[in-house]
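Engineer: Next up is a structure, given as structure tokens.
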Amino acid sequence: MNTAEGVASASSGHDADEVAVLVTGFGPFLNNSTNPSWLIASTLPAHLPASPTSHPSTPRINILVPPRPIRVAYRAVLATMPAFLASTYAAADVVLHIGLASGRSFYTLESRAHRDGYRARDVDGEGWRDEDSWARWGAAGLPEVLASGFDCADVWRRWREAVDRVEMEGGEGAGAGAGAGAGEAGGEEGKSGLDVRPSDDAGRFLCDFIYYTSLAWFADRSAKEEEEEEEGEEEDGGQDGTDPNRATIGNKPLERPVAFLHVPDLPTEDDVEKGRQVTIALIRALVESRRVTIEKRRSGQ
């Protein structure tokens, strides 16, 4: 488990040729005394070396995992994630939340999160009203839906290809909660026999909620940075203060470097191992897609 090293790395920063990925999982939910999302997150390696198929400029990946799972409760998420992103894990370049979609047999990459519509009560018996969402986010101008800053179609393609290369008998091979989405595409089982799909509906429960919470945090930070840049340009006589190292998609900043992975029930150790390899493949896909967008930014594309 890489939590202690993760805290140190996040607090002290990292080299420019490294990418820090914060990965979270949820605590007990339904009949799962240990949530499959946490079984995966808590056993990820602290570092991912370059794979045989990596681009020469692909950075080394450091994985940061909190010491405890996130409680499946609205107020616990609000008390935890903003503090993580602002302080303990402020050095994280990418955030990947993992959650359980009970009853499924496949994995989904969620592309967006919702501000409103949370009707189900959490493990503490508490709900979350649309009025609460408006007071926290809507009044500040945040929209009903926030999309990931990643090009999720590109990430999914890379993920799908990486999962096809996973060799379960030998480990990672070459590639390598709470709530359920309803917007998945059809089955996408590849050569490995592992079914991974894109989705645009994270389910209006804690998975969707933590996703929106993190996306909103980054959106708010980006807005503040833009205000500071505009003020700086005025002081500098109108010069462009854009950081060339900031990841972009097209001409828009990758201002919300957050992704969400829904995992199915994982009843056996072999299932958990497969889930871990699927997650590692997704982390690599996120980092590689991010690298490409940074290079596009530097080349002016």
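Following the order of the structure tokens, chains are lettered A, B, ..., residues in each are numbered from 1, and ligands are numbered from 1.
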Considering only strand (DSSP E) as DSSP defines it on the backbone, what residues of stretch 58-140 of chain A qualify? List them as a ChimeraX atom specification.
Structural biologist: /A:60-64,94-100,107-110,112-114
Engineer: Can I get the selection written as a compact mmCIF listing (two decimals), in the first residue's frame, with all heavy atoms?
Structural biologist:
# COMPACT_ATOMS: atom_id res chain seq x y z
N ARG A 60 7.22 9.30 -15.89
CA ARG A 60 7.03 8.29 -14.86
C ARG A 60 5.77 8.64 -14.07
O ARG A 60 5.47 9.81 -13.86
CB ARG A 60 8.25 8.27 -13.94
CG ARG A 60 8.06 7.47 -12.66
CD ARG A 60 9.36 7.36 -11.91
NE ARG A 60 9.14 7.36 -10.48
CZ ARG A 60 9.96 6.78 -9.61
NH1 ARG A 60 11.04 6.19 -10.04
NH2 ARG A 60 9.70 6.83 -8.32
N ILE A 61 5.06 7.62 -13.62
CA ILE A 61 3.80 7.84 -12.92
C ILE A 61 3.95 7.49 -11.45
O ILE A 61 4.35 6.37 -11.10
CB ILE A 61 2.67 6.98 -13.54
CG1 ILE A 61 2.50 7.33 -15.03
CG2 ILE A 61 1.37 7.18 -12.79
CD1 ILE A 61 1.58 6.38 -15.77
N ASN A 62 3.64 8.46 -10.60
CA ASN A 62 3.59 8.23 -9.16
C ASN A 62 2.12 8.16 -8.75
O ASN A 62 1.34 9.06 -9.09
CB ASN A 62 4.28 9.36 -8.39
CG ASN A 62 5.75 9.44 -8.70
OD1 ASN A 62 6.41 8.43 -8.93
ND2 ASN A 62 6.29 10.65 -8.72
N ILE A 63 1.74 7.11 -8.04
CA ILE A 63 0.35 6.94 -7.62
C ILE A 63 0.22 7.28 -6.14
O ILE A 63 0.95 6.74 -5.30
CB ILE A 63 -0.13 5.51 -7.90
CG1 ILE A 63 -0.08 5.23 -9.40
CG2 ILE A 63 -1.55 5.31 -7.37
CD1 ILE A 63 -0.49 3.81 -9.78
N LEU A 64 -0.70 8.18 -5.83
CA LEU A 64 -0.96 8.62 -4.47
C LEU A 64 -2.32 8.09 -4.02
O LEU A 64 -3.31 8.28 -4.73
CB LEU A 64 -0.95 10.15 -4.38
CG LEU A 64 0.16 10.88 -5.13
CD1 LEU A 64 -0.05 12.39 -5.03
CD2 LEU A 64 1.52 10.49 -4.57
N VAL A 94 -3.30 14.51 -11.78
CA VAL A 94 -4.48 13.80 -12.25
C VAL A 94 -5.20 13.22 -11.04
O VAL A 94 -4.56 12.77 -10.09
CB VAL A 94 -4.09 12.66 -13.23
CG1 VAL A 94 -5.30 11.82 -13.60
CG2 VAL A 94 -3.41 13.21 -14.47
N VAL A 95 -6.53 13.24 -11.08
CA VAL A 95 -7.33 12.63 -10.03
C VAL A 95 -8.20 11.55 -10.66
O VAL A 95 -8.92 11.81 -11.64
CB VAL A 95 -8.22 13.67 -9.31
CG1 VAL A 95 -9.10 12.98 -8.25
CG2 VAL A 95 -7.36 14.75 -8.67
N LEU A 96 -8.14 10.36 -10.09
CA LEU A 96 -8.99 9.25 -10.55
C LEU A 96 -9.78 8.73 -9.37
O LEU A 96 -9.22 8.20 -8.42
CB LEU A 96 -8.16 8.12 -11.16
CG LEU A 96 -8.94 6.86 -11.54
CD1 LEU A 96 -9.98 7.17 -12.62
CD2 LEU A 96 -8.00 5.75 -12.01
N HIS A 97 -11.09 8.90 -9.42
CA HIS A 97 -11.97 8.32 -8.41
C HIS A 97 -12.46 6.97 -8.91
O HIS A 97 -12.76 6.81 -10.10
CB HIS A 97 -13.18 9.22 -8.16
CG HIS A 97 -12.85 10.56 -7.59
ND1 HIS A 97 -12.18 10.71 -6.39
CD2 HIS A 97 -13.08 11.82 -8.04
CE1 HIS A 97 -12.03 12.00 -6.13
NE2 HIS A 97 -12.57 12.69 -7.12
N ILE A 98 -12.55 6.01 -8.00
CA ILE A 98 -13.07 4.69 -8.33
C ILE A 98 -14.28 4.42 -7.45
O ILE A 98 -14.27 4.72 -6.25
CB ILE A 98 -12.02 3.58 -8.11
CG1 ILE A 98 -10.70 3.92 -8.80
CG2 ILE A 98 -12.55 2.24 -8.64
CD1 ILE A 98 -9.59 2.91 -8.52
N GLY A 99 -15.34 3.86 -8.04
CA GLY A 99 -16.54 3.53 -7.29
C GLY A 99 -17.17 2.25 -7.79
O GLY A 99 -16.89 1.78 -8.90
N LEU A 100 -18.02 1.67 -6.96
CA LEU A 100 -18.68 0.40 -7.28
C LEU A 100 -20.00 0.62 -8.01
O LEU A 100 -20.82 1.43 -7.60
CB LEU A 100 -18.95 -0.36 -5.97
CG LEU A 100 -19.86 -1.58 -6.06
CD1 LEU A 100 -19.20 -2.68 -6.89
CD2 LEU A 100 -20.19 -2.09 -4.65
N TYR A 107 -16.70 -2.56 -16.72
CA TYR A 107 -16.11 -1.34 -16.20
C TYR A 107 -16.51 -0.16 -17.08
O TYR A 107 -16.65 -0.32 -18.30
CB TYR A 107 -14.58 -1.44 -16.20
CG TYR A 107 -14.02 -2.58 -15.37
CD1 TYR A 107 -13.99 -3.88 -15.88
CD2 TYR A 107 -13.51 -2.35 -14.10
CE1 TYR A 107 -13.49 -4.93 -15.13
CE2 TYR A 107 -13.00 -3.39 -13.35
CZ TYR A 107 -12.99 -4.68 -13.86
OH TYR A 107 -12.49 -5.72 -13.10
N THR A 108 -16.70 1.02 -16.48
CA THR A 108 -17.03 2.19 -17.30
C THR A 108 -16.17 3.39 -16.92
O THR A 108 -15.89 3.63 -15.74
CB THR A 108 -18.51 2.59 -17.17
OG1 THR A 108 -18.83 2.79 -15.79
CG2 THR A 108 -19.42 1.54 -17.75
N LEU A 109 -15.77 4.14 -17.93
CA LEU A 109 -15.11 5.43 -17.76
C LEU A 109 -16.19 6.49 -17.90
O LEU A 109 -16.80 6.64 -18.97
CB LEU A 109 -14.04 5.62 -18.83
CG LEU A 109 -13.40 7.02 -18.91
CD1 LEU A 109 -12.65 7.35 -17.63
CD2 LEU A 109 -12.48 7.11 -20.13
N GLU A 110 -16.44 7.23 -16.83
CA GLU A 110 -17.48 8.26 -16.84
C GLU A 110 -16.91 9.58 -17.36
O GLU A 110 -15.83 9.99 -16.98
CB GLU A 110 -18.04 8.47 -15.43
CG GLU A 110 -18.55 7.19 -14.76
CD GLU A 110 -19.77 6.62 -15.43
OE1 GLU A 110 -20.41 7.34 -16.24
OE2 GLU A 110 -20.11 5.45 -15.16
N ARG A 112 -18.71 12.66 -17.38
CA ARG A 112 -19.24 13.89 -16.80
C ARG A 112 -19.97 13.60 -15.49
O ARG A 112 -20.28 12.46 -15.17
CB ARG A 112 -20.20 14.57 -17.78
CG ARG A 112 -21.41 13.74 -18.16
CD ARG A 112 -22.28 14.46 -19.17
NE ARG A 112 -23.53 13.74 -19.44
CZ ARG A 112 -24.52 14.23 -20.15
NH1 ARG A 112 -24.41 15.44 -20.70
NH2 ARG A 112 -25.62 13.52 -20.35
N ALA A 113 -20.24 14.67 -14.74
CA ALA A 113 -20.90 14.55 -13.44
C ALA A 113 -22.01 15.59 -13.32
O ALA A 113 -22.00 16.61 -14.01
CB ALA A 113 -19.89 14.72 -12.31
N HIS A 114 -22.94 15.33 -12.43
CA HIS A 114 -24.14 16.16 -12.27
C HIS A 114 -24.16 16.88 -10.93
O HIS A 114 -23.81 16.32 -9.90
CB HIS A 114 -25.39 15.31 -12.42
CG HIS A 114 -25.47 14.60 -13.73
ND1 HIS A 114 -24.87 13.37 -13.94
CD2 HIS A 114 -26.07 14.95 -14.90
CE1 HIS A 114 -25.09 13.00 -15.19
NE2 HIS A 114 -25.81 13.93 -15.80
Engineer: Residues near A:Val23, anyone? I mean within 12 Å using only C-alpha atoms, not counting same-chain ones fewer than 2 positions away, as JSON, numbers by chain.
Structural biologist: {"A": [2, 3, 6, 20, 21, 25, 26, 37, 38, 39, 40, 41, 42, 43, 44, 45, 46, 62, 63, 64, 65, 66, 67, 68, 69, 70, 81, 84, 85, 89, 92, 93, 94, 95, 96, 97, 98, 99, 258, 259, 260, 261, 276, 279, 280, 282, 283]}
Engineer: Between A:Ala50, A:Phe150, A:Arg160, A:Arg204, single out the one closest to A:Asp130, counting only C-alpha atoms.
Structural biologist: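 Distance minimum relative to A:Asp130 lands on A:Arg204.
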Engineer: Determine, counting only C-alpha atoms, which protein, DNA and RNA residues have an atom within 9 Å of an atom of A:Trp156; residues of the same chain fewer than 5 positions away are not included. Present the result as a list in words.
Structural biologist: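 Non-adjacent residues within range: Leu109, Asp151, Glu161, Val196, Arg197, Pro198, Leu282, Ala285 and Leu286 of chain A.
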Engineer: What does the file look like for those residues with all heavy atoms, as an mmCIF file, in the first residue's frame?
Structural biologist:
data_model
loop_
_atom_site.group_PDB
_atom_site.id
_atom_site.type_symbol
_atom_site.label_atom_id
_atom_site.label_comp_id
_atom_site.auth_asym_id
_atom_site.auth_seq_id
_atom_site.Cartn_x
_atom_site.Cartn_y
_atom_site.Cartn_z
ATOM 1 N N LEU A 109 -15.770 4.137 -17.930
ATOM 2 C CA LEU A 109 -15.114 5.431 -17.759
ATOM 3 C C LEU A 109 -16.192 6.493 -17.902
ATOM 4 O O LEU A 109 -16.798 6.639 -18.966
ATOM 5 C CB LEU A 109 -14.037 5.620 -18.829
ATOM 6 C CG LEU A 109 -13.403 7.020 -18.907
ATOM 7 C CD1 LEU A 109 -12.649 7.347 -17.625
ATOM 8 C CD2 LEU A 109 -12.484 7.115 -20.129
ATOM 9 N N ASP A 151 -9.937 14.377 -22.770
ATOM 10 C CA ASP A 151 -10.620 13.947 -23.982
ATOM 11 C C ASP A 151 -10.990 12.487 -23.745
ATOM 12 O O ASP A 151 -10.201 11.575 -24.019
ATOM 13 C CB ASP A 151 -9.690 14.095 -25.182
ATOM 14 C CG ASP A 151 -10.340 13.685 -26.492
ATOM 15 O OD1 ASP A 151 -11.375 12.988 -26.452
ATOM 16 O OD2 ASP A 151 -9.804 14.041 -27.557
ATOM 17 N N GLU A 161 -7.264 -0.328 -25.859
ATOM 18 C CA GLU A 161 -6.104 -0.977 -26.461
ATOM 19 C C GLU A 161 -5.191 -1.565 -25.399
ATOM 20 O O GLU A 161 -4.649 -2.660 -25.572
ATOM 21 C CB GLU A 161 -5.347 0.028 -27.327
ATOM 22 C CG GLU A 161 -6.124 0.469 -28.574
ATOM 23 C CD GLU A 161 -5.432 1.585 -29.327
ATOM 24 O OE1 GLU A 161 -4.394 2.083 -28.823
ATOM 25 O OE2 GLU A 161 -5.916 1.964 -30.407
ATOM 26 N N VAL A 196 -14.769 -3.119 -21.031
ATOM 27 C CA VAL A 196 -14.643 -1.722 -20.602
ATOM 28 C C VAL A 196 -15.440 -0.848 -21.557
ATOM 29 O O VAL A 196 -15.414 -1.043 -22.767
ATOM 30 C CB VAL A 196 -13.167 -1.268 -20.541
ATOM 31 C CG1 VAL A 196 -12.381 -2.105 -19.546
ATOM 32 C CG2 VAL A 196 -12.502 -1.319 -21.897
ATOM 33 N N ARG A 197 -16.178 0.120 -21.003
ATOM 34 C CA ARG A 197 -17.092 0.920 -21.806
ATOM 35 C C ARG A 197 -17.021 2.399 -21.426
ATOM 36 O O ARG A 197 -16.709 2.731 -20.281
ATOM 37 C CB ARG A 197 -18.527 0.442 -21.592
ATOM 38 C CG ARG A 197 -18.738 -1.049 -21.761
ATOM 39 C CD ARG A 197 -20.187 -1.426 -21.564
ATOM 40 N NE ARG A 197 -20.378 -2.878 -21.578
ATOM 41 C CZ ARG A 197 -21.554 -3.484 -21.536
ATOM 42 N NH1 ARG A 197 -22.666 -2.747 -21.469
ATOM 43 N NH2 ARG A 197 -21.634 -4.793 -21.549
ATOM 44 N N PRO A 198 -17.369 3.279 -22.361
ATOM 45 C CA PRO A 198 -17.526 4.701 -22.040
ATOM 46 C C PRO A 198 -18.932 4.933 -21.498
ATOM 47 O O PRO A 198 -19.863 4.181 -21.808
ATOM 48 C CB PRO A 198 -17.324 5.392 -23.385
ATOM 49 C CG PRO A 198 -17.831 4.386 -24.376
ATOM 50 C CD PRO A 198 -17.496 3.027 -23.809
ATOM 51 N N LEU A 282 -5.999 2.118 -17.243
ATOM 52 C CA LEU A 282 -6.676 3.415 -17.363
ATOM 53 C C LEU A 282 -5.767 4.549 -16.912
ATOM 54 O O LEU A 282 -5.730 5.612 -17.554
ATOM 55 C CB LEU A 282 -7.961 3.418 -16.533
ATOM 56 C CG LEU A 282 -8.729 4.740 -16.505
ATOM 57 C CD1 LEU A 282 -9.081 5.220 -17.916
ATOM 58 C CD2 LEU A 282 -9.995 4.616 -15.658
ATOM 59 N N ALA A 285 -3.509 5.302 -19.664
ATOM 60 C CA ALA A 285 -4.220 5.966 -20.761
ATOM 61 C C ALA A 285 -4.450 7.437 -20.443
ATOM 62 O O ALA A 285 -4.302 8.306 -21.320
ATOM 63 C CB ALA A 285 -5.554 5.262 -21.013
ATOM 64 N N LEU A 286 -4.809 7.745 -19.206
ATOM 65 C CA LEU A 286 -5.016 9.136 -18.803
ATOM 66 C C LEU A 286 -3.719 9.937 -18.920
ATOM 67 O O LEU A 286 -3.705 11.057 -19.452
ATOM 68 C CB LEU A 286 -5.524 9.190 -17.359
ATOM 69 C CG LEU A 286 -6.955 8.712 -17.126
ATOM 70 C CD1 LEU A 286 -7.192 8.477 -15.639
ATOM 71 C CD2 LEU A 286 -7.968 9.720 -17.675
#
Engineer: Extract, using only C-alpha atoms, all DNA, RNA and protein residues at most 12 Å from A:Ser289, discarding same-chain residues fewer than 2 positions from it, and format them as an MDAnalysis selection string.
Structural biologist: chainID A and resid 54:55 58:59 94 149:159 247:249 254 257 282:287 291:296
Engineer: DSSP on the backbone, then: every residue of stretch 32-107 of chain A marked helix (DSSP H, G or I), written as number ranges by chain.
Structural biologist: A: 36-41, 74-88
